[in-house]
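**Q** Below is final-v1.txt; it holds compact mmCIF, C-alpha atoms and all ligand atoms.
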# COMPACT_ATOMS: atom_id res chain seq x y z
CA MET T 251 141.97 75.81 19.77
CA ALA T 252 144.94 74.58 17.75
CA LEU T 253 145.59 76.28 14.40
CA SER T 254 145.36 74.13 11.27
CA GLY T 255 148.17 73.90 8.71
CA LEU T 256 146.27 76.33 6.47
CA ASP T 257 145.81 78.83 9.32
CA ILE T 258 149.54 78.71 9.94
CA TYR T 259 150.31 79.00 6.22
CA LYS T 260 148.41 82.31 6.12
CA LEU T 261 150.85 83.69 8.70
CA LEU T 262 154.01 82.64 6.80
CA PRO T 263 155.86 84.78 4.19
CA LYS T 264 154.74 82.50 1.28
CA THR T 265 157.99 82.99 -0.68
CA ASN T 266 158.83 79.28 -0.89
CA CYS T 267 162.51 80.13 -0.41
CA ARG T 268 163.29 76.63 0.97
CA GLU T 269 165.64 77.89 3.69
CA CYS T 270 163.66 75.96 6.30
CA GLY T 271 164.44 72.71 4.50
CA PHE T 272 160.91 72.34 3.10
CA PRO T 273 160.09 72.83 -0.59
CA THR T 274 157.22 75.23 0.15
CA CYS T 275 155.84 77.40 2.94
CA LEU T 276 152.73 75.19 2.93
CA ALA T 277 154.79 72.05 3.59
CA PHE T 278 156.51 73.87 6.45
CA ALA T 279 153.11 74.99 7.84
CA LEU T 280 151.76 71.44 7.76
CA ALA T 281 154.83 70.16 9.63
CA LEU T 282 154.43 72.97 12.15
CA ALA T 283 150.76 72.09 12.75
CA LYS T 284 151.84 68.54 13.55
CA LYS T 285 154.44 69.99 15.95
CA ALA T 286 157.08 68.10 13.93
CA ILE T 287 159.32 71.15 13.55
CA SER T 288 160.05 74.38 15.37
CA LEU T 289 159.09 77.82 14.12
CA GLU T 290 162.69 79.04 14.39
CA LYS T 291 163.57 77.10 11.22
CA CYS T 292 161.99 79.89 9.19
CA PRO T 293 164.10 83.06 9.55
CA TYR T 294 161.48 85.25 7.86
CA VAL T 295 158.49 84.94 10.18
CA SER T 296 157.23 88.38 11.22
CA GLU T 297 157.01 89.34 14.92
CA LYS T 298 153.21 89.45 14.65
CA ALA T 299 153.05 85.96 13.17
CA LYS T 300 155.47 84.71 15.85
CA GLU T 301 153.22 86.05 18.58
CA ALA T 302 150.15 84.37 17.10
CA LEU T 303 151.92 81.07 16.57
CA GLU T 304 153.56 81.03 19.99
CA ALA T 305 150.24 81.83 21.64
CA GLN T 306 148.61 78.83 20.00
CA ALA T 307 151.34 76.58 21.40
CA GLN T 308 150.29 77.56 24.96
CA PRO T 309 147.83 75.31 26.83
CA PRO T 310 144.24 76.65 26.69
CA ILE T 311 144.10 76.80 30.50
CA ARG T 312 147.31 77.93 32.12
CA LEU T 313 149.08 75.65 34.57
CA VAL T 314 149.47 77.58 37.81
CA LEU T 315 151.85 76.54 40.57
CA VAL T 316 151.22 77.37 44.21
CA GLY T 317 153.75 76.53 46.89
CA ASP T 318 157.41 75.60 46.84
CA ASP T 319 159.07 72.35 45.78
CA LYS T 320 158.16 70.68 49.08
CA ASN T 321 154.49 71.64 48.90
CA ARG T 322 153.97 71.92 45.18
CA ILE T 323 150.37 72.31 44.05
CA GLU T 324 149.55 72.44 40.35
CA VAL T 325 146.16 73.56 39.09
CA GLY T 326 144.81 74.23 35.61
CA ASN T 327 146.12 72.92 32.29
CA GLU T 328 142.89 71.04 31.74
CA THR T 329 142.07 70.07 28.18
CA VAL T 330 138.54 68.68 28.18
CA MET T 331 135.06 69.56 29.40
CA PHE T 332 134.18 65.99 30.41
CA ARG T 333 136.51 63.44 31.96
CA HIS T 334 135.35 60.63 29.64
CA GLU T 335 136.74 62.61 26.67
CA GLU T 336 140.26 62.05 27.98
CA LYS T 337 140.84 62.71 31.70
CA PHE T 338 141.14 65.63 34.10
CA HIS T 339 144.78 66.31 34.82
CA HIS T 340 145.26 68.36 38.00
CA PRO T 341 143.06 67.50 40.98
CA THR T 342 141.26 70.35 42.71
CA ALA T 343 143.43 71.67 45.55
CA ILE T 344 141.43 71.64 48.78
CA GLY T 345 142.30 74.14 51.50
CA PHE T 346 141.03 75.59 54.77
CA ILE T 347 140.60 79.18 55.89
CA ILE T 348 142.10 80.15 59.25
CA GLU T 349 141.48 83.66 60.57
CA ASP T 350 144.08 85.71 62.41
CA SER T 351 141.50 86.49 65.13
CA LEU T 352 142.23 83.09 66.68
CA THR T 353 144.86 82.85 69.39
CA ASN T 354 148.19 81.28 68.47
CA GLU T 355 147.23 78.21 70.48
CA GLU T 356 143.95 77.86 68.58
CA ILE T 357 145.77 78.27 65.28
CA LYS T 358 148.24 75.53 66.23
CA GLN T 359 145.35 73.22 67.14
CA ARG T 360 143.63 73.86 63.81
CA VAL T 361 146.78 73.29 61.81
CA ASP T 362 147.35 70.11 63.74
CA LYS T 363 143.81 68.95 63.00
CA ILE T 364 144.19 69.76 59.29
CA THR T 365 147.50 67.91 59.16
CA ARG T 366 145.80 64.83 60.54
CA LEU T 367 143.07 64.92 57.88
CA GLN T 368 144.67 62.17 55.82
CA PHE T 369 142.99 59.00 54.64
CA GLU T 370 144.12 55.96 52.75
CA ARG T 371 141.69 54.79 50.11
CA VAL T 372 142.30 52.08 47.50
CA GLY T 373 146.00 52.31 48.17
CA GLN T 374 146.28 56.07 47.72
CA LEU T 375 146.92 58.63 50.42
CA LEU T 376 144.25 61.33 50.28
CA LYS T 377 145.18 64.65 51.85
CA THR T 378 144.38 68.31 51.66
CA ASP T 379 146.66 70.88 50.09
CA LEU T 380 146.34 74.47 51.28
CA ILE T 381 145.90 76.72 54.29
CA ALA T 382 144.52 80.20 53.69
CA ILE T 383 145.29 82.83 56.32
CA LYS T 384 142.60 85.50 56.40
CA GLN T 385 143.25 88.99 57.69
CA THR T 386 140.58 90.31 60.05
CA LYS T 387 142.91 92.18 62.43
CA ASP T 388 145.74 94.65 61.89
CA ALA T 389 148.72 93.94 59.65
CA LYS T 390 151.01 93.06 62.58
CA ARG T 391 148.72 90.34 63.91
CA TRP T 392 148.07 88.94 60.44
CA LEU T 393 151.78 88.73 59.68
CA GLU T 394 152.33 86.97 62.99
CA ALA T 395 149.66 84.41 62.04
CA VAL T 396 151.13 84.01 58.52
CA ASN T 397 154.60 83.30 59.90
CA LEU T 398 153.23 80.97 62.57
CA ILE T 399 151.26 78.88 60.05
CA SER T 400 153.94 78.79 57.38
CA GLY T 401 156.41 77.58 60.00
CA LEU T 402 154.07 74.85 61.22
CA ALA T 403 152.41 73.51 58.17
CA GLY T 404 153.48 71.40 55.23
CA PHE T 405 150.88 73.05 53.03
CA GLY T 406 150.71 75.58 50.26
CA ILE T 407 149.74 79.00 51.59
CA VAL T 408 147.00 81.40 50.46
CA LEU T 409 147.27 84.98 51.73
CA ILE T 410 143.82 86.53 52.15
CA SER T 411 144.11 90.28 52.61
CA ASP T 412 143.07 93.56 51.03
CA ASP T 413 146.03 95.40 52.53
CA SER T 414 148.80 95.72 49.94
CA SER T 415 151.50 96.74 52.40
CA ALA T 416 150.68 93.78 54.69
CA LEU T 417 150.72 91.52 51.64
CA SER T 418 154.04 92.91 50.53
CA ALA T 419 155.56 92.14 53.96
CA ALA T 420 154.05 88.64 53.98
CA LEU T 421 155.36 87.92 50.48
CA GLU T 422 158.79 89.13 51.56
CA SER T 423 158.68 86.82 54.55
CA LEU T 424 157.49 83.82 52.49
CA ALA T 425 160.02 84.38 49.71
CA LYS T 426 160.27 81.36 47.37
CA LYS T 427 157.19 79.71 48.94
CA ARG T 428 154.97 81.02 46.14
CA PRO T 429 151.87 81.74 48.21
CA LEU T 430 148.66 82.56 46.31
CA ILE T 431 147.63 86.20 46.72
CA TYR T 432 143.89 86.47 47.33
CA ALA T 433 142.45 88.59 45.83
CA ALA T 434 142.83 91.47 43.43
CA THR T 435 139.70 93.44 42.53
CA ASP T 436 139.05 96.27 40.08
CA LYS T 437 140.15 98.67 42.86
CA ASN T 438 143.61 97.26 43.59
CA LEU T 439 144.33 95.25 40.46
CA LEU T 440 147.45 97.08 39.34
CA GLU T 441 148.97 97.21 42.82
CA PHE T 442 148.35 93.51 43.47
CA SER T 443 149.53 92.54 39.98
CA ARG T 444 152.79 94.38 40.61
CA LEU T 445 153.21 92.50 43.91
CA ALA T 446 152.59 89.20 42.11
CA LYS T 447 155.20 90.09 39.51
CA GLU T 448 157.76 91.32 42.03
CA HIS T 449 157.45 88.18 44.20
CA ASN T 450 156.80 85.70 41.37
CA ALA T 451 153.58 84.69 43.12
CA PRO T 452 150.25 83.55 41.68
CA LEU T 453 147.37 86.02 41.92
CA ALA T 454 143.65 85.41 42.37
CA ILE T 455 141.35 87.95 40.75
CA ARG T 456 137.91 88.48 42.24
CA LEU T 457 135.20 89.68 39.94
CA LYS T 458 131.77 91.12 40.26
CA SER T 459 130.52 89.58 37.05
CA MET T 460 131.68 87.57 34.07
CA ASP T 461 131.59 90.75 31.98
CA ASP T 462 134.48 92.23 33.99
CA LEU T 463 136.54 89.10 33.88
CA SER T 464 138.28 89.27 30.50
CA GLU T 465 139.19 92.89 31.01
CA LEU T 466 140.61 92.33 34.51
CA THR T 467 142.74 89.32 33.56
CA LYS T 468 144.13 91.22 30.56
CA LYS T 469 145.03 94.21 32.74
CA ALA T 470 146.65 91.96 35.37
CA LYS T 471 148.68 90.21 32.66
CA ASP T 472 149.78 93.51 31.18
CA ALA T 473 150.88 94.60 34.66
CA GLY T 474 153.10 91.52 34.94
CA ALA T 475 150.97 88.92 36.75
CA CYS T 476 151.43 85.70 34.79
CA ASP T 477 149.93 83.06 37.04
CA ILE T 478 146.34 84.10 37.47
CA VAL T 479 143.53 82.27 39.23
CA ILE T 480 139.96 83.42 38.64
CA ASP T 481 137.76 83.77 41.71
CA VAL T 482 134.13 83.01 40.99
CA ASN T 483 131.77 84.57 43.51
CA THR T 484 130.11 81.67 45.35
CA GLY T 485 127.71 83.81 47.35
CA ARG T 486 124.89 83.16 44.89
CA HIS T 487 122.57 80.38 43.94
CA ASN T 488 124.51 77.26 43.10
CA GLN T 489 123.00 77.11 39.65
CA GLU T 490 124.47 80.52 38.75
CA VAL T 491 127.90 79.62 40.12
CA LEU T 492 127.98 76.34 38.20
CA TRP T 493 126.87 78.11 35.03
CA GLU T 494 129.72 80.58 35.41
CA LEU T 495 132.29 77.88 36.17
CA THR T 496 131.16 76.02 33.06
CA GLN T 497 131.26 79.15 30.92
CA VAL T 498 134.83 79.96 31.99
CA ARG T 499 136.01 76.50 30.99
CA ARG T 500 133.95 76.42 27.80
CA GLN T 501 135.26 79.80 26.69
CA ALA T 502 138.85 78.77 27.38
CA LEU T 503 138.63 75.38 25.67
CA LYS T 504 136.09 75.82 22.91
CA LYS T 505 136.53 79.48 22.02
CA ALA T 506 140.26 79.74 22.77
CA ASN T 507 139.51 82.79 24.89
CA ARG T 508 142.96 83.45 26.41
CA SER T 509 141.71 85.96 28.93
CA LEU T 510 139.63 83.18 30.53
CA GLY T 511 142.29 80.50 30.18
CA TYR T 512 143.10 80.25 33.89
CA PRO T 513 142.16 77.88 36.71
CA VAL T 514 139.31 78.92 38.98
CA ILE T 515 139.15 79.26 42.78
CA THR T 516 135.93 78.97 44.77
CA VAL T 517 135.88 80.23 48.35
CA MET T 518 133.11 79.05 50.63
CA ASN T 519 131.16 81.56 52.64
CA ARG T 520 130.28 80.55 56.15
CA LEU T 521 127.69 77.80 55.76
CA SER T 522 126.48 74.81 57.70
CA SER T 523 128.76 71.79 57.27
CA TYR T 524 126.20 70.05 55.06
CA GLU T 525 125.72 73.04 52.78
CA GLU T 526 129.45 73.55 52.54
CA VAL T 527 130.23 69.97 51.58
CA ILE T 528 127.44 69.90 48.98
CA LYS T 529 128.56 73.14 47.38
CA ALA T 530 132.23 72.24 47.48
CA GLY T 531 131.41 68.86 45.93
CA ASP T 532 129.62 70.61 43.06
CA TYR T 533 132.60 72.88 42.47
CA ILE T 534 135.10 70.02 42.56
CA ALA T 535 133.01 68.25 39.93
CA LYS T 536 132.70 71.39 37.76
CA TYR T 537 135.39 72.95 37.38
CA SER T 538 137.12 74.50 40.34
CA GLY T 539 140.92 74.26 40.49
CA ILE T 540 141.01 75.34 44.15
CA VAL T 541 138.29 75.10 46.82
CA LEU T 542 138.71 76.86 50.17
CA LEU T 543 136.58 75.61 53.07
CA ASN T 544 135.74 76.91 56.51
CA GLY T 545 134.80 73.56 58.11
CA PHE T 546 137.21 70.92 59.34
CA GLU T 547 134.90 67.98 60.04
CA GLU T 548 136.49 64.67 59.18
CA TRP T 549 133.40 63.20 57.50
CA ALA T 550 133.04 66.24 55.23
CA VAL T 551 136.70 66.27 54.20
CA LEU T 552 136.70 62.50 53.60
CA ALA T 553 133.64 62.88 51.34
CA LEU T 554 135.29 65.64 49.31
CA LEU T 555 138.64 63.87 49.01
CA THR T 556 136.89 60.68 47.87
CA LEU T 557 134.89 62.61 45.30
CA ARG T 558 138.04 64.31 44.05
CA GLN T 559 139.84 60.99 43.78
CA ASN T 560 137.02 59.52 41.72
CA ILE T 561 136.74 62.48 39.38
CA TYR T 562 140.46 62.80 38.76
CA THR T 563 141.13 59.10 38.20
CA ASP T 564 141.92 58.39 34.57
CA PRO T 565 138.68 56.75 33.33
CA GLN T 566 140.69 54.65 30.90
CA LYS T 567 143.07 53.34 33.55
CA PRO T 568 141.36 51.81 36.55
CA LEU T 569 143.27 52.07 39.80
CA GLN T 570 145.42 49.02 40.14
CA ILE T 571 147.60 47.42 42.76
CA GLU T 572 150.67 45.29 42.20
CA SER T 573 149.64 41.73 41.42
CA LYS T 574 151.31 39.50 43.99
CA LEU T 575 150.67 37.58 47.19
CA TYR T 576 149.69 39.75 50.17
CA PRO T 577 150.00 38.11 53.60
CA ILE T 578 147.46 39.72 55.95
CA GLY T 579 148.19 39.40 59.66
CA ASN T 580 150.57 36.83 61.14
CA THR T 581 150.13 34.17 58.51
CA THR T 582 151.30 30.59 58.99
CA GLU T 583 151.59 27.63 56.68
CA ALA T 584 147.98 26.79 57.49
CA SER T 585 146.57 30.24 56.62
CA PRO T 586 143.81 30.38 53.99
CA VAL T 587 144.57 31.65 50.48
CA LEU T 588 142.02 33.81 48.68
CA VAL T 589 142.32 34.91 45.09
CA THR T 590 141.01 38.16 43.63
CA THR T 591 141.87 40.69 40.92
CA ASN T 592 144.29 43.64 40.99
CA PHE T 593 141.52 46.27 40.67
CA SER T 594 142.24 48.46 43.70
CA LEU T 595 138.64 48.80 44.80
CA THR T 596 138.12 45.03 44.66
CA TYR T 597 141.38 44.25 46.44
CA TYR T 598 140.84 46.79 49.24
CA THR T 599 137.26 45.64 49.75
CA VAL T 600 138.47 42.05 50.15
CA LEU T 601 141.34 43.24 52.36
CA GLY T 602 138.96 45.15 54.66
CA GLU T 603 136.79 42.07 55.13
CA VAL T 604 139.76 39.74 55.70
CA GLU T 605 141.07 42.14 58.34
CA ALA T 606 137.62 42.32 59.91
CA SER T 607 137.58 38.52 60.18
CA LYS T 608 140.75 38.67 62.31
CA ILE T 609 141.91 35.45 60.62
CA ALA T 610 145.41 35.78 59.18
CA SER T 611 145.11 34.98 55.46
CA ASN T 612 146.90 35.34 52.14
CA ILE T 613 145.32 37.32 49.32
CA LEU T 614 146.59 36.56 45.84
CA SER T 615 145.95 39.46 43.49
CA VAL T 616 145.97 38.45 39.83
CA ASN T 617 146.86 40.93 37.10
CA THR T 618 143.55 41.61 35.35
CA GLU T 619 144.63 45.06 34.10
CA GLY T 620 142.61 46.68 36.86
CA MET T 621 139.30 44.96 36.13
CA SER T 622 136.92 43.75 38.80
CA VAL T 623 136.13 40.04 39.16
CA LEU T 624 133.14 39.66 36.85
CA THR T 625 134.39 42.15 34.25
CA ALA T 626 137.78 40.45 34.17
CA TRP T 627 136.20 37.02 33.91
CA ALA T 628 133.98 38.18 31.02
CA ALA T 629 137.01 39.77 29.32
CA GLU T 630 139.04 36.59 29.81
CA LYS T 631 141.55 38.33 32.06
CA PHE T 632 140.64 36.25 35.13
CA THR T 633 140.89 32.75 33.74
CA PRO T 634 141.98 29.40 35.20
CA ASP T 635 145.22 29.65 33.20
CA LYS T 636 146.05 33.11 34.56
CA ILE T 637 145.18 32.19 38.14
CA ALA T 638 147.22 28.98 37.95
CA GLU T 639 150.17 30.93 36.57
CA SER T 640 149.86 33.58 39.32
CA LEU T 641 149.77 30.87 41.98
CA LYS T 642 153.04 29.46 40.66
CA LYS T 643 154.78 32.83 40.36
CA SER T 644 153.61 34.16 43.71
CA GLY T 645 155.63 31.69 45.80
CA VAL T 646 152.52 30.74 47.80
CA GLU T 647 153.31 27.07 47.34
CA GLU T 648 156.37 27.51 49.57
CA LYS T 649 154.44 29.52 52.15
CA VAL T 650 151.50 27.24 52.89
CA LYS T 651 151.34 23.48 53.31
CA HIS T 652 147.76 23.04 52.14
CA ARG T 653 146.56 23.41 48.56
CA ASN T 654 143.12 25.00 49.07
CA LEU T 655 142.29 28.09 47.06
CA ILE T 656 139.24 30.25 47.83
CA ILE T 657 137.79 31.85 44.71
CA PRO T 658 135.07 34.54 44.50
CA GLY T 659 131.56 33.06 44.40
CA TYR T 660 130.76 34.86 41.14
CA VAL T 661 133.29 32.75 39.24
CA ALA T 662 132.30 29.39 40.75
CA VAL T 663 131.87 28.17 37.19
CA MET T 664 135.64 27.99 36.68
CA SER T 665 136.18 25.63 39.67
CA GLY T 666 136.69 22.40 37.74
CA ASP T 667 138.97 23.88 35.11
CA LEU T 668 141.01 25.78 37.68
CA GLU T 669 141.41 22.69 39.84
CA GLU T 670 142.76 20.82 36.84
CA LYS T 671 145.12 23.58 35.74
CA SER T 672 146.48 24.53 39.15
CA GLY T 673 146.43 21.24 41.01
CA TRP T 674 144.82 23.09 43.95
CA LYS T 675 141.52 22.18 45.56
CA ILE T 676 139.06 24.97 44.79
CA ILE T 677 136.73 26.26 47.48
CA VAL T 678 134.00 28.60 46.29
CA GLY T 679 133.88 31.64 48.54
CA PRO T 680 131.05 34.15 48.98
CA LYS T 681 129.82 36.24 46.06
CA GLU T 682 130.09 39.49 47.99
CA ALA T 683 133.15 40.49 50.01
CA ALA T 684 130.89 41.24 52.98
CA GLY T 685 130.43 37.49 53.39
CA ILE T 686 134.17 36.85 53.86
CA PRO T 687 134.41 37.18 57.69
CA SER T 688 131.73 34.57 58.43
CA PHE T 689 133.00 32.40 55.58
CA LEU T 690 136.55 32.37 56.98
CA LYS T 691 135.32 31.74 60.53
CA ASN T 692 133.34 28.69 59.37
CA LEU T 693 136.06 27.37 57.10
CA GLY T 694 137.17 24.80 59.68
FE1 LIG M 701 158.59 79.62 3.57
FE2 LIG M 701 160.04 80.41 5.66
FE3 LIG M 701 160.40 77.98 4.64
FE4 LIG M 701 161.17 80.10 3.26
S1 LIG M 701 161.98 79.44 5.22
S2 LIG M 701 160.04 78.32 2.52
S3 LIG M 701 159.62 81.56 3.86
S4 LIG M 701 158.57 78.76 5.60
Could I get this file's structure written as structure tokens?
Ligand code: SF4

**A**
Amino acid sequence: MALSGLDIYKLLPKTNCRECGFPTCLAFALALAKKAISLEKCPYVSEKAKEALEAQAQPPIRLVLVGDDKNRIEVGNETVMFRHEEKFHHPTAIGFIIEDSLTNEEIKQRVDKITRLQFERVGQLLKTDLIAIKQTKDAKRWLEAVNLISGLAGFGIVLISDDSSALSAALESLAKKRPLIYAATDKNLLEFSRLAKEHNAPLAIRLKSMDDLSELTKKAKDAGACDIVIDVNTGRHNQEVLWELTQVRRQALKKANRSLGYPVITVMNRLSSYEEVIKAGDYIAKYSGIVLLNGFEEWAVLALLTLRQNIYTDPQKPLQIESKLYPIGNTTEASPVLVTTNFSLTYYTVLGEVEASKIASNILSVNTEGMSVLTAWAAEKFTPDKIAESLKKSGVEEKVKHRNLIIPGYVAVMSGDLEEKSGWKIIVGPKEAAGIPSFLKNLG
């Protein structure tokens, strides 16, 4: 929680010496609270006050980086409990666990499958982020698997091992790749924290209960581990896990509890695909920074990536596409022209149906600030004037010989006005995009 001007004033020398350029310490404190000036301007701040003031300038939940510049994954630095309050900033990193008990060929196949788990949705490429290599065999075999996967994959790496000497060798081998060490416990905390410090790597801390958590993160920090990720035990009833995930975030944001101000990782136990996707979905929604899965099914991953995309979209900025003319297929001067808005979901729904019709067409997307058809019409962002202007600017008049414009059925009411303003003949299309293929086929 940010300190107020008065809180800051209490930490200042209160001599009103004016050396900072302000007439009083209180004026300086108020400027500092507004972040309008830096603390260094006062040469008399005590070390203790500096510590307190610098700590309050830190984000309530630390931003943790996993991976190198090529595969950079950022988690944490969240500022709100609910996305409608502002937005969630760093999407949950989704990763897969691969065990070293697989043969090299099987590992290659899995990595290949994971690499292909990419989907385009509303103009954005959705993909997963991490591969976690779990030690079940001896250190030699695990290291072999680590090197194999890190050489193959364009992913951030998580090293799952309890063996500190194997971890040390793996960290040496993956120097500068910033793999996440998983996971320190009360038994090996100091050893693992030292490894994290030495290799500048993030460290996950596994806990038995919430009571241990603050103490363990403090100890790890004192031992030099800066980038900490809290592992919440998922092997319990979902209700308990969600309660704990919520408490960690609440404590960090509402109570300014620094020892809980870290992103959280949730690691799935072996479950059926359905159970795993349901649990992982819950944890993406509240408030996991990293989720590690065992399953690789396409349908499950698509569901989780879609959920993540929806949750981490800025609720105040709908996904938008560039407003322009999009020729779909091998268009000719006789191809139909459909008009819609630049709200991504609307555009891609129309696009999907136009493609399904197999009739080459032009889609004109009008800038409605990311609103869907009816919302934009009600907000006067999808008006005859705007559509007429977009038609002119798009260059469609040079591309097609006809002057027939298909408008969404929901805004049939604007037909007359639009015809007048644009000079185009208006054809009222279907209300729902699903009707587009048969509509286009029967257009004649
Ligand atoms: Fe107060 Fe420091 Fe400014 Fe002097 S320099 S007035 S002590 S804040």

**Q** Within 7 Å of region 409-420 of chain T, counting only C-alpha atoms, which residues qualify if same-chain residues fewer than 5 places away don't, as JSON, numbers by chain?

**A** {"T": [382, 383, 384, 385, 389, 393, 429, 430, 431, 432, 433, 442, 445]}

**Q** Could you save those same residues with C-alpha atoms as a tab-separated table (two decimals), in the frame of the given file?

**A**
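After the write, result.tsv holds the following:
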chain	number	residue	atom	x	y	z
T	382	ALA	CA	144.52	80.20	53.69
T	383	ILE	CA	145.29	82.83	56.32
T	384	LYS	CA	142.60	85.50	56.40
T	385	GLN	CA	143.25	88.99	57.69
T	389	ALA	CA	148.72	93.94	59.65
T	393	LEU	CA	151.78	88.73	59.68
T	429	PRO	CA	151.87	81.74	48.21
T	430	LEU	CA	148.66	82.56	46.31
T	431	ILE	CA	147.63	86.20	46.72
T	432	TYR	CA	143.89	86.47	47.33
T	433	ALA	CA	142.45	88.59	45.83
T	442	PHE	CA	148.35	93.51	43.47
T	445	LEU	CA	153.21	92.50	43.91

**Q** Counting all atoms listed in the file, give me one row per residue of chain T with an atom at most 6 Å from an atom of ligand LIG 701 (chain M), showing the shortest contact pair and its distance in Å to one decimal, sorted by chain then residue number, as JSON lines.

**A**
{"residue": "T:Pro263", "atom": "CA", "partner": "M:LIG701", "partner_atom": "S3", "distance": 5.0}
{"residue": "T:Lys264", "atom": "CA", "partner": "M:LIG701", "partner_atom": "FE1", "distance": 5.3}
{"residue": "T:Thr265", "atom": "CA", "partner": "M:LIG701", "partner_atom": "S3", "distance": 5.0}
{"residue": "T:Asn266", "atom": "CA", "partner": "M:LIG701", "partner_atom": "S2", "distance": 3.7}
{"residue": "T:Cys267", "atom": "CA", "partner": "M:LIG701", "partner_atom": "FE4", "distance": 3.9}
{"residue": "T:Arg268", "atom": "CA", "partner": "M:LIG701", "partner_atom": "S2", "distance": 4.0}
{"residue": "T:Glu269", "atom": "CA", "partner": "M:LIG701", "partner_atom": "S1", "distance": 4.3}
{"residue": "T:Cys270", "atom": "CA", "partner": "M:LIG701", "partner_atom": "S1", "distance": 4.0}
{"residue": "T:Phe272", "atom": "CA", "partner": "M:LIG701", "partner_atom": "FE3", "distance": 5.9}
{"residue": "T:Thr274", "atom": "CA", "partner": "M:LIG701", "partner_atom": "S2", "distance": 4.8}
{"residue": "T:Cys275", "atom": "CA", "partner": "M:LIG701", "partner_atom": "FE1", "distance": 3.6}
{"residue": "T:Phe278", "atom": "CA", "partner": "M:LIG701", "partner_atom": "S4", "distance": 5.4}
{"residue": "T:Cys292", "atom": "CA", "partner": "M:LIG701", "partner_atom": "S1", "distance": 4.0}
{"residue": "T:Tyr294", "atom": "CA", "partner": "M:LIG701", "partner_atom": "FE2", "distance": 5.5}

**Q** I want to know what sits within 12 Å of Gln359 (chain T), based on only C-alpha atoms, with residues of the same chain fewer than 4 positions away left out; could you give that as an MDAnalysis selection string?

**A** chainID T and resid 348 352:355 363:366 398:399 402:403 546

**Q** Skip region 320-335 of chain T itself and residues of its chain fewer than 6 positions away, then list as a list of chain:residue names all residues within 6 Å of it, counting only C-alpha atoms.

**A**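 Selected residues are T:Ile311, T:Arg312, T:Leu313, T:Val314, T:Phe405, T:Gly406, T:Pro513, T:Gly539.
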
**Q** Between T:Lys651, T:Lys505, T:Lys691, T:Lys471, which one has atoms that come closest to Val604 (chain T), using only C-alpha atoms?

**A**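 The closest residue to Val604 (chain T) is T:Lys691.
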
**Q** Have a look at CA of Glu290 (chain T) and CA of Leu276 (chain T) and let me know their distance in Å, one decimal.

**A**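 CA of Leu276 (chain T) lies 15.7 Å from CA of Glu290 (chain T).
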
**Q** Just want the 7 Å neighbourhood of Lys671 (chain T), counted on all atoms listed in the file, with same-chain residues fewer than 6 positions away dropped. Output as an MDAnalysis selection string.

**A** chainID T and resid 634:635 638

**Q** Could you give me, as a ChimeraX atom specification, the residues within 8 Å of region 474-481 of chain T, counting all atoms listed in the file and dropping anything in the same chain fewer than 3 positions from it?

**A** /T:312-315,433,443-444,446-447,451-457,467,470-471,512-517

**Q** Which distance in Å separates CA of Tyr562 (chain T) and CA of Met621 (chain T), to one decimal?

**A**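 These atoms are spaced 18.1 Å apart.
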
**Q** Have a look at T:Leu463, T:Val623, T:Ala553, T:Ala343 and name the one nearest to Gly511 (chain T); count all atoms listed in the file.

**A**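 Between T:Leu463, T:Val623, T:Ala553, T:Ala343, the residue approaching Gly511 (chain T) most closely is T:Leu463.
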
**Q** Could you please give me, as a list of chain:residue names, the residues of protein, DNA or RNA lying at most 12 Å from (132.8, 62.0, 43.6) in the coordinate frame of the file, considering only C-alpha atoms?

**A**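 Here is the list of nearby residues: T:Pro341, T:Thr342, T:Val527, T:Ile528, T:Ala530, T:Gly531, T:Asp532, T:Tyr533, T:Ile534, T:Ala535, T:Lys536, T:Leu552, T:Ala553, T:Leu554, T:Leu555, T:Thr556, T:Leu557, T:Arg558, T:Gln559, T:Asn560, T:Ile561, T:Tyr562, T:Thr563.
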
**Q** Suppose you want the space between CA of Ser688 (chain T) and CA of Leu655 (chain T); what is it in Å?

**A**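 Answer for the CA of Ser688 (chain T) to CA of Leu655 (chain T) separation: 16.8 Å.
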
**Q** Counting all atoms listed in the file, which residue out of T:Leu668, T:Val661, T:Ala283, T:Ala629 sits closest to Pro680 (chain T)?

**A**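 For Pro680 (chain T), the nearest of the given residues is T:Val661.
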
**Q** Enclose region 423-441 of chain T, meaning all of its atoms listed in the file, in a box aligned along x, y and z, pad it by 4 Å on each side, and list the centre and edge lengths in Å to one decimal, as JSON.

**A**
{"center_x": 149.7, "center_y": 89.2, "center_z": 46.9, "size_x": 29.2, "size_y": 27.0, "size_z": 23.2}

**Q** Rank nothing, just name the residue among T:Ser509, T:Ser523, T:Ser423, T:Ser254 nearest to Glu465 (chain T), using only C-alpha atoms.

**A**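 Under the stated criterion, the closest residue is T:Ser509.
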
**Q** Pick the closest to Val678 (chain T) from T:Thr435, T:Ser665, T:Asp472, T:Asn507: which is it, counting all atoms listed in the file?

**A**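 Smallest distance to Val678 (chain T) is found for T:Ser665.
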